[in-house]
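Undergrad: Coordinates in protein-v1.cif, mmCIF, C-alpha atoms, are listed below.
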data_start
loop_
_atom_site.label_atom_id
_atom_site.label_comp_id
_atom_site.auth_asym_id
_atom_site.auth_seq_id
_atom_site.Cartn_x
_atom_site.Cartn_y
_atom_site.Cartn_z
CA MET I 1 -5.75 13.50 -10.14
CA ASN I 2 -5.32 16.66 -8.13
CA GLU I 3 -1.54 17.00 -7.93
CA ILE I 4 -1.48 19.79 -5.35
CA GLY I 5 -3.71 17.72 -3.08
CA LEU I 6 -1.52 14.66 -3.53
CA LYS I 7 1.62 16.65 -2.75
CA GLU I 8 -0.04 18.12 0.32
CA LEU I 9 -0.82 14.60 1.57
CA LEU I 10 2.73 13.39 0.88
CA TYR I 11 4.28 16.44 2.54
CA LYS I 12 2.27 16.19 5.73
CA MET I 13 3.01 12.47 6.09
CA ALA I 14 6.71 12.90 5.35
CA ASP I 15 7.04 15.90 7.66
CA ASP I 16 5.25 14.09 10.51
CA LEU I 17 7.65 11.17 10.16
CA LEU I 18 10.80 13.25 9.84
CA ILE I 19 10.02 15.46 12.82
CA LEU I 20 8.84 12.65 15.08
CA GLY I 21 11.77 10.50 13.96
CA HIS I 22 14.12 13.29 15.00
CA ARG I 23 12.36 13.88 18.32
CA ASN I 24 12.38 10.17 19.17
CA SER I 25 16.05 9.91 18.22
CA GLU I 26 16.79 12.45 20.96
CA TRP I 27 16.22 9.57 23.40
CA THR I 28 19.18 7.67 21.99
CA GLY I 29 21.58 6.94 24.83
CA MET I 30 19.07 8.15 27.43
CA GLY I 31 16.30 5.56 27.20
CA PRO I 32 14.98 4.15 30.47
CA LEU I 33 16.34 0.67 29.73
CA LEU I 34 19.12 -0.43 27.38
CA GLU I 35 16.84 -2.65 25.32
CA GLU I 36 14.18 0.06 25.10
CA ASP I 37 16.79 2.63 24.10
CA ILE I 38 17.75 0.40 21.17
CA ALA I 39 14.14 -0.26 20.17
CA PHE I 40 13.07 3.39 20.35
CA SER I 41 16.13 4.61 18.44
CA SER I 42 15.60 1.95 15.83
CA MET I 43 11.98 2.97 15.30
CA ALA I 44 13.13 6.59 15.02
CA GLN I 45 15.40 5.49 12.17
CA ASP I 46 12.48 3.66 10.56
CA LYS I 47 10.48 6.89 10.62
CA VAL I 48 13.26 8.92 9.05
CA GLY I 49 13.61 6.17 6.43
CA GLN I 50 9.89 6.33 5.68
CA SER I 51 10.03 10.11 5.36
CA LEU I 52 12.93 9.72 2.90
CA ALA I 53 10.80 7.35 0.81
CA LEU I 54 7.98 9.93 0.73
CA TYR I 55 10.32 12.86 -0.09
CA THR I 56 11.69 10.69 -2.91
CA ILE I 57 8.18 10.32 -4.38
CA LEU I 58 7.77 14.10 -4.05
CA HIS I 59 11.09 14.58 -5.85
CA GLN I 60 9.79 12.43 -8.70
CA LEU I 61 6.76 14.74 -8.81
CA GLY I 62 9.08 17.70 -9.39
CA GLU I 63 9.85 18.85 -5.83
CA GLN I 64 13.43 19.47 -4.73
CA ASP I 65 15.67 16.60 -3.64
CA PRO I 66 15.02 15.01 -0.23
CA ASP I 67 18.01 16.56 1.59
CA THR I 68 17.14 20.06 0.42
CA VAL I 69 13.50 19.59 1.37
CA ALA I 70 14.35 18.14 4.77
CA PHE I 71 17.15 20.51 5.75
CA THR I 72 16.50 23.90 4.21
CA ARG I 73 12.87 24.74 4.89
CA ASN I 74 11.82 26.95 7.77
CA ALA I 75 9.19 25.98 10.33
CA GLY I 76 6.45 27.82 8.43
CA GLN I 77 7.02 25.57 5.41
CA PHE I 78 6.53 22.33 7.35
CA HIS I 79 3.18 20.53 7.24
CA ASN I 80 3.58 18.28 10.28
CA CYS I 81 1.03 18.34 13.08
CA ILE I 82 2.14 20.14 16.24
CA LEU I 83 2.01 16.87 18.22
CA VAL I 84 5.23 15.54 16.67
CA GLU I 85 7.31 18.69 17.24
CA LEU I 86 6.64 19.03 20.99
CA PRO I 87 9.87 18.58 22.96
CA ASN I 88 10.42 15.28 24.74
CA GLN I 89 9.57 15.53 28.36
CA GLU I 90 9.51 12.49 30.62
CA TYR I 91 9.40 9.10 28.95
CA ASP I 92 5.68 8.72 29.67
CA PHE I 93 5.01 11.69 27.38
CA SER I 94 7.06 10.18 24.55
CA LEU I 95 5.39 6.80 24.97
CA ILE I 96 1.89 8.27 24.84
CA ARG I 97 2.78 10.35 21.78
CA HIS I 98 4.31 7.25 20.18
CA PHE I 99 1.15 5.26 20.91
CA LEU I 100 -1.35 7.89 19.72
CA PHE I 101 0.61 8.89 16.61
CA ASP I 102 1.72 5.44 15.51
CA MET I 103 -1.75 3.94 15.79
CA ALA I 104 -3.00 6.68 13.46
CA ASP I 105 0.02 6.32 11.19
CA ALA I 106 -0.36 2.54 10.85
CA LEU I 107 -4.07 2.92 10.01
CA ARG I 108 -3.27 5.63 7.47
CA TRP I 109 -0.72 3.42 5.70
CA GLU I 110 -3.12 0.48 5.87
CA MET I 111 -5.75 2.60 4.09
CA LEU I 112 -3.15 3.73 1.57
CA THR I 113 -2.46 0.13 0.47
CA GLN I 114 -5.71 0.69 -1.49
CA SER I 115 -4.63 4.06 -2.89
CA SER I 116 -5.22 4.78 -6.57
CA TYR I 117 -1.81 6.47 -6.63
CA GLU I 118 0.45 3.50 -7.22
CA PRO I 119 3.78 4.73 -5.82
CA LEU I 120 1.99 5.33 -2.52
CA SER I 121 0.12 2.01 -2.43
CA LEU I 122 3.37 0.15 -3.21
CA LEU I 123 5.22 1.99 -0.46
CA ALA I 124 2.35 1.31 1.95
CA LYS I 125 2.84 -2.42 1.40
CA LYS I 126 6.59 -2.11 1.92
CA VAL I 127 6.36 -0.37 5.30
CA ARG I 128 3.80 -2.77 6.73
CA GLY I 129 6.34 -4.80 8.71
CA GLU I 130 7.86 -1.72 10.32
CA LEU I 131 4.43 -0.41 11.31
CA ARG I 132 3.44 -3.75 12.78
CA TYR I 133 6.48 -3.50 15.03
CA HIS I 134 5.86 0.14 15.99
CA THR I 135 2.25 -0.53 17.00
CA LEU I 136 3.14 -3.81 18.75
CA HIS I 137 5.80 -1.91 20.72
CA ALA I 138 3.42 0.93 21.61
CA THR I 139 0.46 -1.22 22.63
CA THR I 140 2.59 -3.65 24.65
CA TRP I 141 4.03 -0.78 26.72
CA MET I 142 0.57 0.77 27.14
CA LYS I 143 -0.85 -2.48 28.45
CA GLN I 144 2.12 -2.98 30.78
CA LEU I 145 2.48 0.52 32.24
CA GLY I 146 -1.22 1.31 32.00
CA SER I 147 -1.92 -1.30 34.65
CA ALA I 148 1.42 -1.74 36.46
CA THR I 149 1.74 0.56 39.48
CA GLU I 150 -0.05 3.60 40.86
CA THR I 151 2.79 5.82 39.66
CA SER I 152 2.93 4.40 36.15
CA ILE I 153 -0.84 4.66 35.71
CA ALA I 154 -0.98 8.22 37.07
CA ARG I 155 1.91 9.39 34.89
CA LEU I 156 0.53 7.85 31.71
CA GLN I 157 -2.90 9.24 32.46
CA GLN I 158 -1.53 12.73 32.90
CA SER I 159 0.36 12.54 29.62
CA LEU I 160 -2.67 11.10 27.87
CA THR I 161 -4.76 14.05 29.01
CA THR I 162 -2.09 16.53 27.89
CA VAL I 163 -1.47 14.92 24.52
CA THR I 164 -4.99 14.13 23.24
CA PRO I 165 -5.82 17.69 22.02
CA PHE I 166 -2.62 17.57 19.93
CA ALA I 167 -3.33 14.02 18.77
CA LEU I 168 -6.77 15.00 17.48
CA ALA I 169 -5.06 17.56 15.24
CA ILE I 170 -3.31 14.75 13.35
CA PHE I 171 -6.59 14.63 11.44
CA GLU I 172 -6.71 18.32 10.50
CA GLU I 173 -8.33 18.31 7.09
CA SER I 174 -6.62 19.39 3.92
CA PRO I 175 -8.20 22.03 1.63
CA TYR I 176 -8.10 19.31 -1.06
CA GLU I 177 -9.79 16.67 1.07
CA LYS I 178 -12.71 16.26 -1.33
CA GLU I 179 -10.53 15.84 -4.44
CA ILE I 180 -8.20 13.39 -2.68
CA ILE I 181 -11.15 11.23 -1.62
CA GLU I 182 -12.90 11.41 -5.00
CA SER I 183 -9.78 10.45 -6.92
CA GLY I 184 -9.30 7.41 -4.65
CA VAL I 185 -5.89 8.53 -3.39
CA PHE I 186 -6.93 8.45 0.26
CA GLU I 187 -10.21 7.88 2.09
CA GLY I 188 -9.75 11.06 4.08
CA GLU I 189 -8.98 12.27 7.58
CA LYS I 190 -12.51 11.81 8.95
CA VAL I 191 -12.61 8.10 8.15
CA LEU I 192 -9.10 7.71 9.54
CA MET I 193 -10.01 9.50 12.78
CA GLU I 194 -13.04 7.30 13.40
CA LYS I 195 -10.98 4.13 12.87
CA TRP I 196 -8.29 5.52 15.16
CA LYS I 197 -10.70 6.32 17.99
CA LEU I 198 -11.93 2.73 17.96
CA LYS I 199 -8.41 1.27 17.97
CA ILE I 200 -7.24 3.58 20.74
CA ALA I 201 -10.29 2.83 22.86
CA ASP I 202 -9.74 -0.91 22.42
CA VAL I 203 -6.19 -0.76 23.82
CA ILE I 204 -6.99 1.75 26.57
CA SER I 205 -9.89 -0.43 27.74
CA GLN I 206 -7.33 -3.15 28.53
CA THR I 207 -5.59 -0.79 30.97
CA GLN I 208 -6.61 1.30 33.94
CA LEU I 209 -6.32 4.49 31.91
CA MET I 210 -9.28 6.63 30.89
CA LEU I 211 -9.79 8.29 27.55
CA PRO I 212 -11.19 11.80 27.75
CA ASP I 213 -14.60 12.54 26.27
CA TRP I 214 -13.74 13.52 22.67
CA LYS I 215 -16.53 16.12 22.61
CA THR I 216 -14.84 18.13 25.34
CA ILE I 217 -11.53 18.43 23.49
CA THR I 218 -10.50 21.22 21.15
CA PRO I 219 -7.90 19.98 18.66
CA MET I 220 -4.68 22.01 18.52
CA LEU I 221 -4.89 22.73 14.81
CA GLY I 222 -2.57 24.75 12.59
CA GLY I 223 0.40 22.49 11.95
CA ARG I 224 -0.82 21.36 8.54
CA THR I 225 -0.84 24.97 7.31
CA GLY I 226 2.54 25.90 8.77
CA LYS I 227 1.33 27.44 12.03
CA HIS I 228 3.59 25.73 14.53
CA SER I 229 4.55 25.97 18.18
CA GLU I 230 7.72 27.83 19.15
CA HIS I 231 9.47 24.47 19.47
CA LEU I 232 9.79 23.53 15.79
CA GLN I 233 12.23 26.18 14.54
CA PRO I 234 14.95 25.49 17.18
CA MET I 235 14.61 21.77 16.46
CA LEU I 236 15.04 22.35 12.72
CA GLU I 237 18.08 24.50 13.34
CA GLU I 238 19.69 21.76 15.35
CA MET I 239 18.71 19.07 12.86
CA SER I 240 20.15 20.95 9.88
CA GLU I 241 23.17 22.51 11.58
CA VAL I 242 25.80 20.46 9.77
CA PHE I 243 24.01 20.66 6.43
CA ARG I 244 23.79 24.44 6.64
CA ILE I 245 27.50 24.77 7.41
CA ASP I 246 28.55 22.40 4.62
CA PRO I 247 25.91 20.86 2.30
CA THR I 248 28.54 18.47 0.92
CA ALA I 249 29.59 17.15 4.34
CA GLU I 250 29.58 13.38 4.74
CA TRP I 251 29.45 11.58 8.04
CA MET A 1 40.95 -19.85 42.72
CA ASP A 2 37.68 -17.99 42.63
CA SER A 3 37.26 -15.50 39.82
CA LEU A 4 36.77 -11.81 40.58
CA ASP A 5 34.17 -11.61 37.80
CA PRO A 6 30.63 -11.83 39.23
CA ARG A 7 29.44 -13.36 35.95
CA VAL A 8 31.89 -16.22 36.37
CA LEU A 9 30.96 -16.62 40.05
CA ARG A 10 27.33 -17.09 39.08
CA LEU A 11 28.22 -20.12 36.92
CA PRO A 12 27.65 -23.54 38.48
CA LYS A 13 30.65 -25.73 39.33
CA VAL A 14 31.84 -28.09 36.60
CA GLY A 15 29.83 -31.32 36.59
CA GLU A 16 27.03 -30.02 38.85
CA PRO A 17 23.61 -28.80 37.79
CA GLY A 18 23.06 -25.07 38.18
CA VAL A 19 21.05 -23.57 41.03
CA VAL A 20 19.24 -20.30 40.43
CA GLN A 21 19.94 -17.93 43.33
CA PRO A 22 16.88 -15.95 44.39
CA LYS A 23 17.25 -12.21 43.79
CA VAL A 24 16.13 -9.23 45.80
CA ALA A 25 12.57 -8.38 44.76
CA LEU A 26 12.29 -5.45 42.31
CA ASP A 27 16.09 -5.26 42.07
CA GLN A 28 15.76 -5.22 38.29
CA PHE A 29 13.62 -6.74 35.56
CA GLY A 30 13.83 -10.46 35.04
CA SER A 31 15.79 -11.85 32.12
CA PHE A 32 14.56 -13.67 29.04
CA GLU A 33 16.51 -15.82 26.59
CA VAL A 34 16.22 -14.90 22.94
CA PHE A 35 16.37 -17.42 20.07
CA VAL A 36 16.48 -16.40 16.42
CA GLN A 37 16.16 -18.17 13.11
CA PRO A 38 18.71 -16.55 10.80
CA ARG A 39 17.29 -17.99 7.58
CA GLU A 40 14.30 -19.98 6.39
CA GLY A 41 14.90 -23.69 7.10
CA LYS A 42 17.79 -23.05 9.54
CA PRO A 43 17.41 -24.13 13.18
CA PHE A 44 16.74 -21.53 15.86
CA GLN A 45 19.81 -20.54 17.84
CA HIS A 46 20.33 -18.79 21.15
CA GLU A 47 21.22 -15.16 20.49
CA GLY A 48 21.28 -13.42 23.86
CA ILE A 49 19.31 -12.03 26.78
CA VAL A 50 16.91 -9.13 27.30
CA HIS A 51 15.54 -7.67 30.53
CA SER A 52 11.81 -7.13 30.69
CA PRO A 53 8.87 -6.96 33.09
CA ASN A 54 6.98 -9.65 31.13
CA ILE A 55 7.32 -12.09 28.26
CA GLU A 56 5.34 -9.98 25.75
CA LEU A 57 7.63 -7.00 26.22
CA ALA A 58 10.62 -9.32 26.17
CA TYR A 59 9.54 -10.41 22.71
CA VAL A 60 9.12 -6.78 21.58
CA LEU A 61 12.51 -5.70 22.95
CA ALA A 62 14.30 -8.80 21.65
CA LYS A 63 13.25 -8.02 18.10
CA GLU A 64 15.18 -4.75 17.90
CA THR A 65 18.01 -5.78 20.23
CA PHE A 66 19.00 -8.85 18.23
CA THR A 67 17.51 -8.74 14.75
CA ARG A 68 17.69 -5.17 13.50
CA ARG A 69 20.78 -5.51 11.37
CA PHE A 70 21.08 -9.13 10.38
CA THR A 71 18.85 -11.31 8.28
CA CYS A 72 16.29 -13.02 10.43
CA THR A 73 13.09 -14.86 9.62
CA SER A 74 11.69 -15.51 13.08
CA LEU A 75 12.42 -15.22 16.79
CA TYR A 76 11.12 -16.42 20.14
CA VAL A 77 11.73 -15.77 23.82
CA VAL A 78 11.48 -17.70 27.06
CA GLU A 79 11.96 -16.64 30.65
CA THR A 80 15.49 -17.57 31.79
CA ARG A 81 14.20 -19.53 34.78
CA ASN A 82 12.29 -21.82 32.41
CA VAL A 83 15.46 -22.97 30.67
CA PHE A 84 16.65 -26.23 32.19
CA VAL A 85 20.44 -26.44 31.90
CA SER A 86 22.47 -29.66 31.92
CA PRO A 87 25.65 -29.92 34.02
CA LEU A 88 28.69 -28.12 32.59
CA THR A 89 31.43 -30.25 31.07
CA ASP A 90 35.18 -30.00 31.04
CA GLY A 91 37.59 -30.79 28.21
CA ASN A 92 36.01 -32.95 25.54
CA ARG A 93 33.62 -34.78 27.81
CA ASN A 94 30.22 -35.52 26.25
CA VAL A 95 27.55 -34.01 28.50
CA TYR A 96 25.14 -36.87 27.91
CA ASP A 97 27.55 -39.11 29.92
CA LEU A 98 26.49 -37.07 32.96
CA ILE A 99 22.76 -37.36 32.33
CA ALA A 100 21.01 -40.25 34.02
CA ALA A 101 17.85 -41.92 32.77
CA VAL A 102 14.73 -40.48 34.41
CA PRO A 103 11.68 -42.74 34.73
CA ALA A 104 8.67 -41.56 32.76
CA SER A 105 6.04 -39.80 34.85
CA GLY A 106 3.12 -37.42 34.57
CA GLU A 107 1.37 -36.13 31.51
CA LYS A 108 3.42 -35.86 28.33
CA GLU A 109 4.13 -32.45 26.84
CA ASP A 110 6.41 -31.13 24.12
CA TYR A 111 9.90 -30.01 25.13
CA GLU A 112 12.42 -28.28 22.88
CA VAL A 113 16.06 -29.45 23.01
CA TYR A 114 19.19 -27.35 22.36
CA HIS A 115 22.84 -28.41 22.04
CA LEU A 116 26.09 -26.57 22.57
CA GLN A 117 28.25 -28.30 20.03
CA LYS A 118 31.26 -25.98 19.93
CA ARG A 119 32.79 -24.07 22.82
CA GLY A 120 32.25 -20.36 22.48
CA LYS A 121 29.28 -20.84 20.13
CA GLN A 122 25.61 -20.61 21.00
CA HIS A 123 23.08 -23.31 21.79
CA VAL A 124 21.27 -24.52 18.70
CA HIS A 125 17.86 -26.16 18.52
CA VAL A 126 18.14 -29.85 17.60
CA GLY A 127 14.55 -31.04 17.93
CA SER A 128 11.77 -31.74 20.36
CA VAL A 129 10.76 -34.64 22.61
CA LYS A 130 7.66 -35.59 24.57
CA ALA A 131 8.19 -35.89 28.31
CA GLY A 132 6.59 -35.45 31.72
CA GLY A 133 9.06 -32.82 32.93
CA LEU A 134 12.28 -30.94 32.18
CA GLU A 135 14.63 -33.61 33.59
CA GLU A 136 12.75 -36.38 31.86
CA ALA A 137 12.98 -34.35 28.64
CA MET A 138 16.74 -34.27 28.99
CA SER A 139 16.96 -38.02 29.40
CA MET A 140 14.66 -38.40 26.38
CA ALA A 141 16.99 -36.08 24.48
CA LYS A 142 19.88 -38.40 25.35
CA LEU A 143 18.03 -41.24 23.62
CA ALA A 144 17.04 -39.13 20.63
CA PHE A 145 19.97 -36.80 19.93
CA ASN A 146 23.15 -38.15 21.61
CA ALA A 147 25.62 -38.10 18.72
CA GLY A 148 28.58 -37.51 21.06
CA GLY A 149 30.79 -34.46 21.42
CA ILE A 150 28.06 -32.30 22.97
CA TYR A 151 29.13 -29.96 25.74
CA ASN A 152 25.85 -28.71 27.09
CA VAL A 153 22.12 -29.30 26.69
CA TRP A 154 19.10 -27.10 27.37
CA THR A 155 15.51 -28.24 27.52
CA ILE A 156 12.56 -25.85 27.47
CA ARG A 157 8.87 -26.65 27.79
CA HIS A 158 7.21 -25.73 24.49
CA SER A 159 4.31 -23.96 26.20
CA ASP A 160 6.69 -21.64 28.09
CA ILE A 161 7.93 -20.09 24.84
CA ARG A 162 6.52 -16.90 23.28
CA PHE A 163 6.75 -17.75 19.56
CA THR A 164 6.33 -15.42 16.60
CA LYS A 165 2.71 -15.65 15.45
CA PRO A 166 2.12 -16.36 11.75
CA GLU A 167 0.71 -12.86 11.19
CA GLU A 168 3.86 -11.37 12.77
CA LEU A 169 6.27 -12.86 10.23
CA ASP A 170 6.24 -9.59 8.25
CA LEU A 171 8.04 -7.90 11.17
CA TRP A 172 11.25 -8.60 9.25
CA THR A 173 10.10 -7.20 5.92
CA THR A 174 11.35 -3.65 6.38
CA LEU A 175 12.48 -0.85 4.09
CA PRO A 176 15.89 -1.81 2.74
CA GLU A 177 17.02 1.80 2.25
CA LYS A 178 18.67 2.02 5.64
CA ARG A 179 22.34 1.52 4.93
CA PHE A 180 23.00 4.13 7.62
CA ARG A 181 22.28 1.39 10.14
CA ASP A 182 25.39 -0.49 9.08
CA ALA A 183 28.72 0.60 10.51
CA ALA A 184 30.32 -0.32 7.16
CA ASP A 185 28.26 2.35 5.40
CA TYR A 186 30.17 5.11 7.20
CA LYS A 187 33.45 3.94 5.64
CA GLY A 188 35.31 5.11 8.72
CA GLY A 189 38.57 3.46 7.62
CA ASP A 190 38.58 5.25 4.25
CA LYS A 191 37.86 8.60 5.86
CA LEU A 192 40.67 8.13 8.35
CA LYS A 193 43.08 7.10 5.58
CA ASN A 194 42.18 10.16 3.49
CA PHE A 195 42.57 12.40 6.49
CA LEU A 196 45.99 10.99 7.35
CA GLU A 197 47.17 11.27 3.74
CA LYS A 198 46.04 14.88 3.55
CA ARG A 199 47.99 15.61 6.73
CA LYS A 200 51.13 14.01 5.30
CA MET A 201 50.97 16.34 2.31
CA LEU A 202 50.77 19.46 4.47
#
Represent the structure of the file as structure tokens.
TA:
Amino acid sequence: MNEIGLKELLYKMADDLLILGHRNSEWTGMGPLLEEDIAFSSMAQDKVGQSLALYTILHQLGEQDPDTVAFTRNAGQFHNCILVELPNQEYDFSLIRHFLFDMADALRWEMLTQSSYEPLSLLAKKVRGELRYHTLHATTWMKQLGSATETSIARLQQSLTTVTPFALAIFEESPYEKEIIESGVFEGEKVLMEKWKLKIADVISQTQLMLPDWKTITPMLGGRTGKHSEHLQPMLEEMSEVFRIDPTAEW
Amino acid sequence: MDSLDPRVLRLPKVGEPGVVQPKVALDQFGSFEVFVQPREGKPFQHEGIVHSPNIELAYVLAKETFTRRFTCTSLYVVETRNVFVSPLTDGNRNVYDLIAAVPASGEKEDYEVYHLQKRGKQHVHVGSVKAGGLEEAMSMAKLAFNAGGIYNVWTIRHSDIRFTKPEELDLWTTLPEKRFRDAADYKGGDKLKNFLEKRKML
């Protein structure tokens, strides 16, 4: 097995989940509805928990411990796609990002239940319940707000148009794509993207929203190789503020 | 004397069936009652209320609002207006004494029956009956489940309930490594004690 390729896959998944988990947790206390605030915060915790599980596998492969990896790297050392680091705007933006990312994430984990790398296939089976909830939550809101009122449809549509170029970059290929596929670790980003497009289209077709023509979109690549937007570094600084002051702090 | 608490004012008078007051349109989302099954084999019990624009979202929101920390094997929701509530009782009066027999009518359907057996506790599912309507279901429940000492009864038409689908049962198999969700994990009391002891020594 190609260990660098495997680590690259684990890092990008873990970083996506940690960064999006943190971004989504910024809604805590400010959600549009008490019940939704609880649900969104809870899913943010799930994501951070999943990233911890992945960093733990990386630690077993010889990487540094999860806290060090999560709190001491700079933006350039993160492998997350740019989509997950974008600042929260209005709730429609966060919902669309949640929908587009989580549909891809759930499919990725579903594919990984067949992975030849056992720690990953076992973990994929363990997170299934959480992912079922995250996608149920995302699709139920899409179906509701995507056909509710003129305002809700227009706002979701605008966010959908803004977010899709970033969402397409979830599937930015790794330099070790071929080895990862050949060793049976993961079927690869291309297969994942095709599955994702079908799933997304199926949900969107049950609303009054319109998906853009994929051919006209240029993916906002770079995140997987550490080329991020200006938004990631300030977020990391805030996230790791306490850890940097006192690595032994408990709270 | 009338209470100053609007929640108390909304309650029906003792011994009378409740009347749902119409609300201003679009004032807020409607409410849905949430029932959870804490363990396999245990009856479903009423857990609380969520606000939602529809029953599907109510189900989604209920899951995290009421079952994120505690063990749970299943949950379901029903719109509040579809819960038929018996008259309230006073003292130790058995509610079934206030429920009259209703002649059978219409097509039979399944209705779920819930009892309030202890004041201050929640309604617990006791079984189901076949009836032609909510009131008839309550009189059927009197025949089937009247063991005495019951303070309140709810009946709900089975088809009004959004149940957990078989393929959704894994919603509650989640990663266990989330002790940070439990208040106890922060050991607030210990930290406070340590802090106070340190201060004493200064």
Undergrad: Using all atoms listed in the file, which of the listed residues (I:Phe101, I:Thr28, I:Lys197, I:Asp46) sits closest to Pro212 in chain I?
TA: I:Lys197
Undergrad: Taking the point (-3.9, 13.5, -0.9) as given in the file, collect each protein or nucleic acid residue that comes within 9 Å of it, counting all atoms listed in the file, and present the set as a list in words.
TA: Asn2, Glu3, Ile4, Gly5, Leu6, Lys7, Glu8, Leu9, Leu10, Ser174, Tyr176, Glu177, Glu179, Ile180, Ile181, Ser183, Gly184, Val185, Phe186, Glu187 and Gly188 of chain I
Undergrad: Please determine, counting all atoms listed in the file, which residue among I:Arg73, I:Arg244, I:His134, I:His98 has the shortest atom-to-atom distance to chain A.
TA: I:His134
Undergrad: As a list in words, could you give me every residue of chain I near chain A (at most 8 Å apart, counting only C-alpha atoms)?
TA: Glu35, Glu36, Ile38, Ala39, Ser42, Asp46, Gly49, Gln50, Lys126, Val127, Arg128, Gly129, Glu130, Arg132, Tyr133, Leu136, His137, Thr140, Trp141 and Trp251 of chain I
Undergrad: Run through the PyMOL selection byres ((chain A and resi 108-121) around 9) on the given coordinates and return the selected residues as an mmCIF file with C-alpha atoms, in the frame of the given file.
TA:
data_model
loop_
_atom_site.group_PDB
_atom_site.id
_atom_site.type_symbol
_atom_site.label_atom_id
_atom_site.label_comp_id
_atom_site.auth_asym_id
_atom_site.auth_seq_id
_atom_site.Cartn_x
_atom_site.Cartn_y
_atom_site.Cartn_z
ATOM 1 C CA GLN A 45 19.810 -20.540 17.840
ATOM 2 C CA HIS A 46 20.330 -18.790 21.150
ATOM 3 C CA ALA A 104 8.670 -41.560 32.760
ATOM 4 C CA SER A 105 6.040 -39.800 34.850
ATOM 5 C CA GLY A 106 3.120 -37.420 34.570
ATOM 6 C CA GLU A 107 1.370 -36.130 31.510
ATOM 7 C CA GLN A 122 25.610 -20.610 21.000
ATOM 8 C CA HIS A 123 23.080 -23.310 21.790
ATOM 9 C CA VAL A 124 21.270 -24.520 18.700
ATOM 10 C CA HIS A 125 17.860 -26.160 18.520
ATOM 11 C CA VAL A 126 18.140 -29.850 17.600
ATOM 12 C CA GLY A 127 14.550 -31.040 17.930
ATOM 13 C CA SER A 128 11.770 -31.740 20.360
ATOM 14 C CA VAL A 129 10.760 -34.640 22.610
ATOM 15 C CA LYS A 130 7.660 -35.590 24.570
ATOM 16 C CA ALA A 131 8.190 -35.890 28.310
ATOM 17 C CA GLY A 132 6.590 -35.450 31.720
ATOM 18 C CA GLY A 133 9.060 -32.820 32.930
ATOM 19 C CA LEU A 134 12.280 -30.940 32.180
ATOM 20 C CA ALA A 137 12.980 -34.350 28.640
ATOM 21 C CA MET A 138 16.740 -34.270 28.990
ATOM 22 C CA ALA A 141 16.990 -36.080 24.480
ATOM 23 C CA PHE A 145 19.970 -36.800 19.930
ATOM 24 C CA GLY A 149 30.790 -34.460 21.420
ATOM 25 C CA ILE A 150 28.060 -32.300 22.970
ATOM 26 C CA TYR A 151 29.130 -29.960 25.740
ATOM 27 C CA ASN A 152 25.850 -28.710 27.090
ATOM 28 C CA VAL A 153 22.120 -29.300 26.690
ATOM 29 C CA TRP A 154 19.100 -27.100 27.370
ATOM 30 C CA THR A 155 15.510 -28.240 27.520
ATOM 31 C CA ILE A 156 12.560 -25.850 27.470
ATOM 32 C CA ARG A 157 8.870 -26.650 27.790
ATOM 33 C CA HIS A 158 7.210 -25.730 24.490
ATOM 34 C CA SER A 159 4.310 -23.960 26.200
#
Undergrad: Would you place a box with edges along x, y and z of the file around all atoms of range 107-124 of chain I listed there, add 6 Å to each of its six sides, and report the centre and edge lengths in Å to one decimal, as lines of an AutoDock Vina configuration file?
TA:
center_x = -0.3
center_y = 3.3
center_z = 1.4
size_x = 23.0
size_y = 18.3
size_z = 29.2
Undergrad: Neighbours of Trp27 in chain I within 12 Å (all atoms listed in the file; same-chain residues fewer than 3 positions away dropped), as a count of residues only?
TA: 27
Undergrad: Please tabulate, as CSV, the residues of range 70-162 of chain I that come within 6 Å of range 213-237 of chain I, each with its closest pair of atoms and the distance in Å to one decimal, counting all atoms listed in the file and ordering rows by chain, then residue number upward.
TA:
residue,atom,partner,partner_atom,distance
I:Ala75,CA,I:Gln233,CA,5.2
I:Gly76,CA,I:Gly226,CA,4.4
I:Gln77,CA,I:Gly226,CA,5.6
I:Phe78,CA,I:Gly226,CA,5.5
I:His79,CA,I:Arg224,CA,4.3
I:Asn80,CA,I:Gly223,CA,5.5
I:Cys81,CA,I:Gly223,CA,4.3
I:Ile82,CA,I:Gly223,CA,5.2
I:Glu85,CA,I:Leu232,CA,5.6
Undergrad: Determine the residue set returned by the PyMOL selection byres ((chain I and resi 17) around 8) for the present structure, and present it as a PDB file with C-alpha atoms, keeping the file's coordinate frame.
TA:
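Result file is result22.pdb:
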ATOM      1  CA  MET I  13       3.010  12.470   6.090  1.00  0.00           C
ATOM      2  CA  ALA I  14       6.710  12.900   5.350  1.00  0.00           C
ATOM      3  CA  ASP I  15       7.040  15.900   7.660  1.00  0.00           C
ATOM      4  CA  ASP I  16       5.250  14.090  10.510  1.00  0.00           C
ATOM      5  CA  LEU I  18      10.800  13.250   9.840  1.00  0.00           C
ATOM      6  CA  ILE I  19      10.020  15.460  12.820  1.00  0.00           C
ATOM      7  CA  LEU I  20       8.840  12.650  15.080  1.00  0.00           C
ATOM      8  CA  GLY I  21      11.770  10.500  13.960  1.00  0.00           C
ATOM      9  CA  LYS I  47      10.480   6.890  10.620  1.00  0.00           C
ATOM     10  CA  VAL I  48      13.260   8.920   9.050  1.00  0.00           C
ATOM     11  CA  GLN I  50       9.890   6.330   5.680  1.00  0.00           C
ATOM     12  CA  SER I  51      10.030  10.110   5.360  1.00  0.00           C
TER      13      SER I  51
END
